[in-house]
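Engineer: Shown below is the structure under consideration.
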Amino acid sequence: MLVNSKKMLLSAKAGHYAIPHININNLEWAKYILETCEEQQSPVILGVSEGAIHYMGGVNTVVGLVKGLMEDLEITVDVCLHVDHAKSFDTCKKAIDAGFTSVMIDGSTYPLEQNIRLTKEVVEYAHSHDVTVEGEVGVVGEQGSGVADKAKYATVSDCLKFYQETNVDMLAPALGSVHGLYKGEADLDFTRMQEISEQLPIPLVLHGGTGIPDDKIKHAIACGINKINVNTELQVEWHNAIVQYMDQNKSIYDPRKIISSGEEAIKNSVRHIITLFEQK
Ligand code: 13P
């Protein structure tokens with residue numbers, strides 16, 4: 001069923017595990033992820049960035065695509081369709097009106113007060129439509145930067161103020177993670193993560209899941225992380241498989257054969273993520 005993220009994340013918080021948030025880029029990504037989650041009987045949050053929404057044609061196409069796949073593939077696990085890093089109220093409203101069940105409003109580059117105002121506006125609209133909202137405090141390392149700026153890690157007091165004034169359903173405190181590939185190892189502040197999770201009654205989110213070693217993922221879950229976002233890992237695994245296939249099949253031009261030569265790579269990645277996050 002297409003659901004908001006509330007129930008699955010509260011179960012994850014109670015059970016001390018994390019729900020996979022996996023970004024989709026196209027039909028194949030959505031299909032492979034849904035099939036694997038059904039096979040593994042795992043709930044999932046499908047994250048769609050503003051760029052991916054634009055790439056796929058728009059919010060209505062994304063909602064229609066995911067709903068259609070769920071019906072045709074007979075998906076029974078809970079699926080949450082979530083806008084990732086929306087930068088404006090307008091993007092969130094359009095997505096909610098089209099049928100997205102969750103949104104992230106990313107006001108992290110604004111001063112805290114402005115971030116709170118923007119997030120609050122989105123929360124009011126979203127909650128009146130039974131849609132959940134994620135906010136961000138501090139700044140996650142940018143794609144391609146490889147390292148996070150320590151001065152931009154979230155503080156406990158900012159997170160508490162942000163939660164109390166916005167009433168978000170889940171919070172991503174930036175604590176050393178980076179979008180894309182890391183230069184060296186992720187330098188996560190587990191002590192602060194634990195403190196924030198003890199002060200806030202809502203589930204915490206870890207962005208930049210690609211490239212964080214398994215033991216650090218487990219540590220983060222133990223410190224209160226209940227949603228972990230992964231995008232780049234699937235792209236890299238898919239790319240590696242495609243390059244190998246194209247090398248060995250230079251005369252193939254059927255796009256279905258080319259794109260789907262990365263299917264098992266994506267599915268194996270999703271299987272690993274589910275097993276790791278559930279700490280089976
Ligand atoms: P990665 O691409 O580093 O896995 O990060 C994904 C993410 O945080 C999406 O919001």
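Labels used: A, B, ... for chains in the order of the structure tokens, numbers from 1 for residues in each chain, and numbers from 1 for ligands as shown.
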Write out as a Markdown table the residues of chain A that have any atom within 7 Å of an atom of ligand 1, one row each with the nearest atom pair and its distance in Å to one decimal, counting only C-alpha atoms and all ligand atoms, sorted by chain and then rising number.
Structural biologist:
```
| residue | atom | partner | partner_atom_place_in_ligand_line | distance |
| --- | --- | --- | --- | --- |
| A:Asn23 | CA | ligand 1 | 9 (C) | 6.6 |
| A:Asp84 | CA | ligand 1 | 10 (O) | 5.7 |
| A:His85 | CA | ligand 1 | 10 (O) | 6.6 |
| A:Val178 | CA | ligand 1 | 3 (O) | 5.9 |
| A:His179 | CA | ligand 1 | 3 (O) | 3.6 |
| A:Gly180 | CA | ligand 1 | 3 (O) | 3.8 |
| A:Leu181 | CA | ligand 1 | 3 (O) | 6.2 |
| A:His207 | CA | ligand 1 | 8 (O) | 3.5 |
| A:Gly208 | CA | ligand 1 | 5 (O) | 3.3 |
| A:Gly209 | CA | ligand 1 | 4 (O) | 4.3 |
| A:Thr210 | CA | ligand 1 | 4 (O) | 3.8 |
| A:Asn229 | CA | ligand 1 | 7 (C) | 4.5 |
| A:Val230 | CA | ligand 1 | 4 (O) | 3.5 |
| A:Asn231 | CA | ligand 1 | 2 (O) | 3.8 |
| A:Thr232 | CA | ligand 1 | 2 (O) | 3.7 |
| A:Glu233 | CA | ligand 1 | 4 (O) | 5.8 |
```
Engineer: At a cut-off of 12 Å, can you tabulate as a tab-separated table every residue of segment 91-171 of chain A near segment 32-54 of chain A together with its closest atom pair and the distance in Å to one decimal, using only C-alpha atoms and ordering rows by chain then number?
Structural biologist:
```
residue	atom	partner	partner_atom	distance
A:Thr91	CA	A:Glu50	CA	7.9
A:Cys92	CA	A:Glu50	CA	9.8
A:Lys94	CA	A:Ile53	CA	11.2
A:Ala95	CA	A:Ile53	CA	9.4
A:Ala98	CA	A:Ile53	CA	11.9
A:Phe100	CA	A:Val48	CA	9.9
A:Thr101	CA	A:Ile45	CA	9.8
A:Ser102	CA	A:Ile45	CA	8.9
A:Val103	CA	A:Gly47	CA	8.9
A:Met104	CA	A:Gly47	CA	9.3
A:Ile105	CA	A:Ser49	CA	11.0
A:Asp106	CA	A:Ser49	CA	11.1
A:Thr132	CA	A:Ile45	CA	11.7
A:Glu134	CA	A:Gly47	CA	11.7
```
Engineer: At what distance in Å, to one decimal, does atom CA of Ser108 of chain A lie from atom CA of Ile221 of chain A?
Structural biologist: 22.6 Å
Engineer: DSSP on the backbone, then: every residue of segment 28-242 of chain A marked strand (DSSP E), written as a ChimeraX atom specification.
Structural biologist: /A:44-49,79-86,102-105,132-137,170-173,204-206,225-230
Engineer: Write out as a list in words each polymer residue whose atoms come within 8 Å of Gly138 of chain A, counting only C-alpha atoms; drop sequence neighbours fewer than 5 positions from it.
Structural biologist: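 Counting only the stated atoms, we get Ser108, Thr109, Lys152, Tyr153, Ala154, Thr155, Pro173, Ala174 and Leu175 of chain A.
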Engineer: Please write the residues from the selection above to a file, keeping all heavy atoms, as a PDB file, in the first residue's frame.
Structural biologist:
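Result went into selection21.pdb, see below:
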```pdb
ATOM      1  N   SER A 108      17.885  23.712   5.002  1.00  0.00           N
ATOM      2  CA  SER A 108      19.121  23.668   5.791  1.00  0.00           C
ATOM      3  C   SER A 108      20.140  24.751   5.425  1.00  0.00           C
ATOM      4  O   SER A 108      21.016  25.057   6.220  1.00  0.00           O
ATOM      5  CB  SER A 108      19.764  22.278   5.654  1.00  0.00           C
ATOM      6  OG  SER A 108      20.144  22.060   4.307  1.00  0.00           O
ATOM      7  N   THR A 109      20.010  25.316   4.235  1.00  0.00           N
ATOM      8  CA  THR A 109      20.998  26.348   3.887  1.00  0.00           C
ATOM      9  C   THR A 109      20.568  27.727   4.409  1.00  0.00           C
ATOM     10  O   THR A 109      21.325  28.683   4.328  1.00  0.00           O
ATOM     11  CB  THR A 109      21.201  26.424   2.348  1.00  0.00           C
ATOM     12  OG1 THR A 109      19.915  26.553   1.744  1.00  0.00           O
ATOM     13  CG2 THR A 109      21.887  25.174   1.816  1.00  0.00           C
ATOM     14  N   LYS A 152      29.203  22.929  10.276  1.00  0.00           N
ATOM     15  CA  LYS A 152      27.785  22.857   9.867  1.00  0.00           C
ATOM     16  C   LYS A 152      27.070  21.617  10.421  1.00  0.00           C
ATOM     17  O   LYS A 152      25.980  21.275   9.966  1.00  0.00           O
ATOM     18  CB  LYS A 152      27.695  22.908   8.341  1.00  0.00           C
ATOM     19  CG  LYS A 152      28.141  24.278   7.807  1.00  0.00           C
ATOM     20  CD  LYS A 152      28.019  24.362   6.311  1.00  0.00           C
ATOM     21  CE  LYS A 152      28.398  25.754   5.831  1.00  0.00           C
ATOM     22  NZ  LYS A 152      28.735  25.787   4.412  1.00  0.00           N
ATOM     23  N   TYR A 153      27.698  20.934  11.391  1.00  0.00           N
ATOM     24  CA  TYR A 153      27.012  19.822  12.049  1.00  0.00           C
ATOM     25  C   TYR A 153      25.841  20.412  12.858  1.00  0.00           C
ATOM     26  O   TYR A 153      25.942  21.526  13.384  1.00  0.00           O
ATOM     27  CB  TYR A 153      27.953  19.095  13.026  1.00  0.00           C
ATOM     28  CG  TYR A 153      28.950  18.132  12.394  1.00  0.00           C
ATOM     29  CD1 TYR A 153      29.403  18.295  11.085  1.00  0.00           C
ATOM     30  CD2 TYR A 153      29.443  17.059  13.133  1.00  0.00           C
ATOM     31  CE1 TYR A 153      30.324  17.409  10.542  1.00  0.00           C
ATOM     32  CE2 TYR A 153      30.370  16.174  12.590  1.00  0.00           C
ATOM     33  CZ  TYR A 153      30.813  16.354  11.297  1.00  0.00           C
ATOM     34  OH  TYR A 153      31.725  15.488  10.771  1.00  0.00           O
ATOM     35  N   ALA A 154      24.761  19.652  12.977  1.00  0.00           N
ATOM     36  CA  ALA A 154      23.602  20.111  13.755  1.00  0.00           C
ATOM     37  C   ALA A 154      23.946  20.137  15.240  1.00  0.00           C
ATOM     38  O   ALA A 154      24.732  19.310  15.717  1.00  0.00           O
ATOM     39  CB  ALA A 154      22.437  19.155  13.524  1.00  0.00           C
ATOM     40  N   THR A 155      23.349  21.071  15.989  1.00  0.00           N
ATOM     41  CA  THR A 155      23.521  21.068  17.443  1.00  0.00           C
ATOM     42  C   THR A 155      22.254  20.515  18.092  1.00  0.00           C
ATOM     43  O   THR A 155      21.168  20.573  17.500  1.00  0.00           O
ATOM     44  CB  THR A 155      23.772  22.490  17.998  1.00  0.00           C
ATOM     45  OG1 THR A 155      22.585  23.263  17.773  1.00  0.00           O
ATOM     46  CG2 THR A 155      24.967  23.151  17.324  1.00  0.00           C
ATOM     47  N   PRO A 173      19.408  15.330  11.247  1.00  0.00           N
ATOM     48  CA  PRO A 173      20.422  16.224  11.777  1.00  0.00           C
ATOM     49  C   PRO A 173      21.736  15.934  11.046  1.00  0.00           C
ATOM     50  O   PRO A 173      22.180  14.789  11.004  1.00  0.00           O
ATOM     51  CB  PRO A 173      20.520  15.802  13.253  1.00  0.00           C
ATOM     52  CG  PRO A 173      20.007  14.403  13.311  1.00  0.00           C
ATOM     53  CD  PRO A 173      19.288  14.080  12.047  1.00  0.00           C
ATOM     54  N   ALA A 174      22.336  16.946  10.427  1.00  0.00           N
ATOM     55  CA  ALA A 174      23.594  16.710   9.704  1.00  0.00           C
ATOM     56  C   ALA A 174      24.701  16.511  10.731  1.00  0.00           C
ATOM     57  O   ALA A 174      24.970  17.387  11.542  1.00  0.00           O
ATOM     58  CB  ALA A 174      23.889  17.915   8.819  1.00  0.00           C
ATOM     59  N   LEU A 175      25.323  15.336  10.707  1.00  0.00           N
ATOM     60  CA  LEU A 175      26.326  15.019  11.730  1.00  0.00           C
ATOM     61  C   LEU A 175      27.557  14.370  11.112  1.00  0.00           C
ATOM     62  O   LEU A 175      28.165  13.470  11.691  1.00  0.00           O
ATOM     63  CB  LEU A 175      25.702  14.094  12.790  1.00  0.00           C
ATOM     64  CG  LEU A 175      24.629  14.755  13.669  1.00  0.00           C
ATOM     65  CD1 LEU A 175      23.870  13.732  14.498  1.00  0.00           C
ATOM     66  CD2 LEU A 175      25.252  15.810  14.586  1.00  0.00           C
TER      67      LEU A 175
END
```
Engineer: Measuring atom to atom with only C-alpha atoms, identify which of A:Ser197, A:Ser157, A:Ser11, A:Ser177 is nearest to Val140 of chain A.
Structural biologist: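 Closest candidate: A:Ser177.
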Engineer: Just the residues within 10 Å of segment 116-131 of chain A, please, counting only C-alpha atoms, with nothing from its chain fewer than 2 positions along; format it as an NGL selection string.
Structural biologist: :A and (3-6 or 80-82 or 87-93 or 96-97 or 99-108 or 110-114 or 133-137 or 161-169)
Engineer: Measure the distance from atom CA of Tyr245 of chain A to atom CA of Ala265 of chain A in Å and round it to one decimal.
Structural biologist: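 Interatomic distance here is 11.8 Å.
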Engineer: Write down as a PyMOL selection string the residues of segment 62-149 of chain A whose backbone DSSP state falls under alpha helix (DSSP H).
Structural biologist: chain A and resi 62-72+89-98+112-127
Engineer: Those residues with N, CA, C and O atoms, as a compact mmCIF listing (two decimals), in the first residue's frame please?
Structural biologist:
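Ended up saving to out.txt:
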```
# COMPACT_ATOMS: atom_id res chain seq x y z
N VAL A 62 5.42 10.51 -11.79
CA VAL A 62 6.06 9.69 -10.75
C VAL A 62 4.99 8.94 -9.95
O VAL A 62 5.11 7.73 -9.71
N VAL A 63 3.95 9.66 -9.55
CA VAL A 63 2.89 9.01 -8.75
C VAL A 63 2.23 7.90 -9.58
O VAL A 63 2.03 6.77 -9.10
N GLY A 64 1.92 8.20 -10.84
CA GLY A 64 1.27 7.20 -11.71
C GLY A 64 2.16 5.98 -11.91
O GLY A 64 1.70 4.84 -11.87
N LEU A 65 3.45 6.25 -12.10
CA LEU A 65 4.42 5.17 -12.32
C LEU A 65 4.48 4.24 -11.11
O LEU A 65 4.38 3.01 -11.24
N VAL A 66 4.63 4.83 -9.94
CA VAL A 66 4.78 3.99 -8.73
C VAL A 66 3.47 3.25 -8.43
O VAL A 66 3.49 2.05 -8.14
N LYS A 67 2.36 3.96 -8.53
CA LYS A 67 1.08 3.29 -8.26
C LYS A 67 0.82 2.17 -9.26
O LYS A 67 0.36 1.09 -8.91
N GLY A 68 1.13 2.41 -10.51
CA GLY A 68 0.93 1.40 -11.55
C GLY A 68 1.79 0.18 -11.31
O GLY A 68 1.32 -0.97 -11.40
N LEU A 69 3.04 0.41 -10.97
CA LEU A 69 3.94 -0.73 -10.70
C LEU A 69 3.44 -1.53 -9.50
O LEU A 69 3.45 -2.77 -9.51
N MET A 70 2.98 -0.81 -8.47
CA MET A 70 2.53 -1.53 -7.27
C MET A 70 1.34 -2.42 -7.58
O MET A 70 1.24 -3.53 -7.07
N GLU A 71 0.47 -1.93 -8.45
CA GLU A 71 -0.70 -2.73 -8.81
C GLU A 71 -0.29 -3.91 -9.70
O GLU A 71 -0.62 -5.06 -9.44
N ASP A 72 0.48 -3.62 -10.75
CA ASP A 72 0.84 -4.68 -11.71
C ASP A 72 1.75 -5.74 -11.10
O ASP A 72 1.69 -6.91 -11.45
N PHE A 89 8.13 25.46 -0.69
CA PHE A 89 6.76 25.07 -0.33
C PHE A 89 6.02 24.60 -1.58
O PHE A 89 5.30 23.61 -1.56
N ASP A 90 6.25 25.32 -2.68
CA ASP A 90 5.55 25.03 -3.93
C ASP A 90 5.80 23.60 -4.42
O ASP A 90 4.87 22.89 -4.84
N THR A 91 7.07 23.17 -4.38
CA THR A 91 7.40 21.79 -4.80
C THR A 91 6.65 20.80 -3.91
O THR A 91 6.08 19.81 -4.40
N CYS A 92 6.65 21.05 -2.60
CA CYS A 92 5.98 20.13 -1.68
C CYS A 92 4.48 20.08 -1.96
O CYS A 92 3.88 19.00 -2.01
N LYS A 93 3.89 21.26 -2.16
CA LYS A 93 2.43 21.32 -2.40
C LYS A 93 2.06 20.55 -3.67
O LYS A 93 1.13 19.75 -3.68
N LYS A 94 2.85 20.78 -4.74
CA LYS A 94 2.55 20.10 -6.01
C LYS A 94 2.63 18.58 -5.83
O LYS A 94 1.80 17.83 -6.35
N ALA A 95 3.65 18.13 -5.10
CA ALA A 95 3.84 16.69 -4.90
C ALA A 95 2.69 16.11 -4.06
O ALA A 95 2.16 15.04 -4.37
N ILE A 96 2.33 16.83 -3.01
CA ILE A 96 1.24 16.37 -2.13
C ILE A 96 -0.07 16.30 -2.93
O ILE A 96 -0.81 15.32 -2.88
N ASP A 97 -0.33 17.35 -3.69
CA ASP A 97 -1.57 17.38 -4.48
C ASP A 97 -1.61 16.25 -5.51
O ASP A 97 -2.67 15.75 -5.87
N ALA A 98 -0.44 15.82 -5.98
CA ALA A 98 -0.38 14.75 -6.98
C ALA A 98 -0.49 13.36 -6.35
O ALA A 98 -0.73 12.38 -7.06
N LEU A 112 18.51 29.29 10.91
CA LEU A 112 17.56 28.41 11.60
C LEU A 112 16.12 28.96 11.61
O LEU A 112 15.18 28.22 11.31
N GLU A 113 15.98 30.25 11.93
CA GLU A 113 14.61 30.82 12.03
C GLU A 113 13.87 30.71 10.70
O GLU A 113 12.68 30.40 10.66
N GLN A 114 14.60 30.95 9.60
CA GLN A 114 13.97 30.89 8.28
C GLN A 114 13.64 29.44 7.91
O GLN A 114 12.59 29.15 7.33
N ASN A 115 14.54 28.54 8.26
CA ASN A 115 14.32 27.11 8.05
C ASN A 115 13.05 26.68 8.81
O ASN A 115 12.19 25.96 8.27
N ILE A 116 12.91 27.16 10.04
CA ILE A 116 11.74 26.81 10.86
C ILE A 116 10.46 27.35 10.20
O ILE A 116 9.47 26.61 10.08
N ARG A 117 10.49 28.59 9.75
CA ARG A 117 9.28 29.18 9.14
C ARG A 117 8.83 28.39 7.92
O ARG A 117 7.67 28.05 7.74
N LEU A 118 9.82 28.08 7.04
CA LEU A 118 9.52 27.34 5.80
C LEU A 118 8.97 25.94 6.13
O LEU A 118 7.96 25.48 5.57
N THR A 119 9.65 25.27 7.06
CA THR A 119 9.26 23.89 7.40
C THR A 119 7.86 23.86 8.01
O THR A 119 7.03 23.00 7.69
N LYS A 120 7.59 24.86 8.88
CA LYS A 120 6.29 24.93 9.54
C LYS A 120 5.16 25.09 8.52
O LYS A 120 4.10 24.46 8.62
N GLU A 121 5.41 25.91 7.52
CA GLU A 121 4.39 26.14 6.49
C GLU A 121 4.09 24.82 5.76
O GLU A 121 2.93 24.47 5.50
N VAL A 122 5.16 24.07 5.45
CA VAL A 122 4.98 22.78 4.77
C VAL A 122 4.26 21.78 5.68
O VAL A 122 3.35 21.07 5.24
N VAL A 123 4.65 21.76 6.96
CA VAL A 123 4.02 20.81 7.91
C VAL A 123 2.51 21.06 7.98
O VAL A 123 1.72 20.12 7.95
N GLU A 124 2.13 22.33 8.06
CA GLU A 124 0.69 22.64 8.18
C GLU A 124 -0.08 22.11 6.96
O GLU A 124 -1.12 21.47 7.11
N TYR A 125 0.45 22.34 5.78
CA TYR A 125 -0.24 21.87 4.56
C TYR A 125 -0.22 20.33 4.49
O TYR A 125 -1.24 19.69 4.22
N ALA A 126 0.95 19.77 4.75
CA ALA A 126 1.12 18.31 4.63
C ALA A 126 0.23 17.57 5.62
O ALA A 126 -0.47 16.62 5.25
N HIS A 127 0.25 18.01 6.88
CA HIS A 127 -0.53 17.29 7.89
C HIS A 127 -2.03 17.35 7.61
O HIS A 127 -2.76 16.40 7.92
```
Engineer: Closest to Glu263 of chain A among A:Ala86, A:Leu27, A:Val77, A:Met1, using only C-alpha atoms?
Structural biologist: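 Counting only C-alpha atoms, the residue closest to Glu263 of chain A is A:Leu27.
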Engineer: I need the residue nearest Ile225 of chain A from this list: A:Glu237, A:Glu195, A:Asp78, A:Asp254. Use only C-alpha atoms for the distance.
Structural biologist: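 Among the listed residues, A:Glu195 lies closest to Ile225 of chain A.
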Engineer: Residues at most 9 Å from Ile274 of chain A, counting only C-alpha atoms, excluding those fewer than 3 positions away in the same chain, as a PyMOL selection string?
Structural biologist: chain A and resi 18-20+37+40+42+269-271+277-280
